[in-house]
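K.L.:
Before I ask anything, let me first share the structure, which is written out below as structure tokens.
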Amino acid sequence: MQNENPVIYQKKRSKVTNLNEDVVINELEEENIDQEEIFDLIRNINDPEHPLTLEQLNVTQLELINVKGNLISVNFVPTIPHCSMATLIGANIRLSIRVCLLRSLPKRYKIDIHIEKGTHQSEDAVNRQLNDKERVAAALENPHLLKAVNQCLARTA
Amino acid sequence: MIEVKSIAITSEDTIWDFIQINNNQNLIYFEKENLVNFNLTTNSKSVIKLNKDTNKRTLRHLAKSSQYLATAGFDSKVNIFDITTDNFELVATLEGHENEVKSVEFSYDQNFLATCGRDKTVWIWEILGEDDFDCVAVLQEHTQDVKNLKWSPTDNILLSCSYDDTIKIYKQDENDDDWYCFQTLSGHFTSTVWCVDFNFDGSKFCAVSEDKSLKIFVKEGKSNKFNLFQSFENICSRAVYTCCFLKDEKRSLIALGSGDGSIKVLNSNKNDGLFSVLHNIESAHEDSCDINKVSFGSLNDEDVLISVADDNQIKFWNLN
């Protein structure tokens, strides 16, 4: 385990109560989504190491999401600033956020995911790998990685 | 430019590539674990079955010679089909790359095949006849994932471009026939170079990048080295994934496709040869989805531009 004693943060109250999957999808197709709806999609992704969500670990934060028309930018804060980009844990978190949004949003949305500035030693290298669509496609054909990602996404809508 | 034809592909996977064969009468693409041979005159299609272990992985790139069709796969294999046979018989599987193969191309004289991939290498295979492909070089010049390859249409000069932001140019040593890198173009791009393509005589080539730029390079007479000719920074608002040069002596056209959903065509001015945007189609495919490949081709003997995007449609655009 790389991060044995994570700091746990208070969960924000969900904007939509009684979240119904069909309702969410219809809303997404008809009108542009906002930053809170994006946050609701990714807040419940599980951390691969702990029975905690990315929201509880402050990895995903409402303030780090930006929506402009069909452009969605999501920044996140890694749990530890030095975790190697080669480790499966870090890769899973990053990939899980991207896959969650790819699966939930219509294709017209362009998604950019970045590490929040100043929170990781190799930001640029991680950001590039994360936004290379060919590398993401190849990663999702790796059955071990796909299984791990699906476990992270088990509690999302 | 007007859309004159479209083909919808039934697939949940990204469609990355297509290729015209048989004097442009047929179009080959990947659909649901099979290769499809689509007849553009009759609009009928036949399925070319692939062997079981290859069909679970993405086919990233297709190439052809007069005899063969080659596929570059994320399963690390290159499969060679004989397109002169009725059922496109699989005649060779080239193994050696450690992981995803990203691009494959036949040389203009059809004596060589080049492959490249995620393992940072470029391989050159000599085609010896009798479906025999012999690896003659493994070039380890790039420091990252090699994305795309292109041979000159007039001699055995090869380009490769990479996630390491550079373009490398290779040729064969005149004395000992060894392949080597004789030029590296670095400092021109600030991110992944996704695609390169030569013009009709190999005197120019274009390159596009994740950094949203298009750059055109020209061969200097004596040294045979390439220098930057023209640069378009931020020609698109997102990554540019694909570019192609029309192989025509009379018309100098470049087409490109971007992650911003646009397709652009540039032509060159007769006086100084400088390029400018002639056509710009914003949201060329449904919902401004990413354009994965553009290629010049023909439909009913008319010049067209063909594109494929994340909406899994192949579209044909009239160039006139």
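To be explicit about the labels: the chains of the structure tokens are called A, B, and onward in the order shown, and within each one the residues are counted from 1, while ligands get numbers from 1 in the order they are shown.
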As an NGL selection string, could you give me every residue of chain B near chain A (at most 7 Å apart, counting only C-alpha atoms)?
P.N.:
:B and (57 or 74 or 287-289)
K.L.:
What lies within 7 Å of Cys243 (chain B) using only C-alpha atoms, ignoring chain neighbours under 3 positions off, as number ranges by chain?
P.N.:
B: 195-197, 207-208, 255-257, 294
K.L.:
Which residue out of A:Ser122, A:Asn66, A:Ser73, A:Asn46 has the minimum interatomic distance to Asn150 (chain A) when only C-alpha atoms are used?
P.N.:
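For Asn150 (chain A), the nearest of the candidates is A:Asn46.
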K.L.:
Residues near region 266-282 of chain B, anyone? I mean within 8 Å using only C-alpha atoms, not counting same-chain ones fewer than 6 positions away, as an mmCIF file with C-alpha atoms, in the first residue's frame.
P.N.:
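Output file result16.cif follows:
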data_model
loop_
_atom_site.group_PDB
_atom_site.id
_atom_site.type_symbol
_atom_site.label_atom_id
_atom_site.label_comp_id
_atom_site.auth_asym_id
_atom_site.auth_seq_id
_atom_site.Cartn_x
_atom_site.Cartn_y
_atom_site.Cartn_z
ATOM 1 C CA MET B 1 -16.747 20.715 -50.234
ATOM 2 C CA GLN B 230 5.748 26.629 -43.463
ATOM 3 C CA ARG B 251 -2.441 20.306 -57.608
ATOM 4 C CA SER B 252 -0.792 20.689 -54.243
ATOM 5 C CA LEU B 253 -3.426 19.947 -51.585
ATOM 6 C CA ILE B 254 -3.103 18.995 -47.917
ATOM 7 C CA ALA B 255 -6.048 17.757 -45.839
ATOM 8 C CA SER B 288 -18.027 17.588 -33.667
#
K.L.:
For Val101 (chain B), which residue among B:Asp75, B:Glu89, B:Glu126, B:Asp134 is the nearest when counting only C-alpha atoms?
P.N.:
B:Asp75
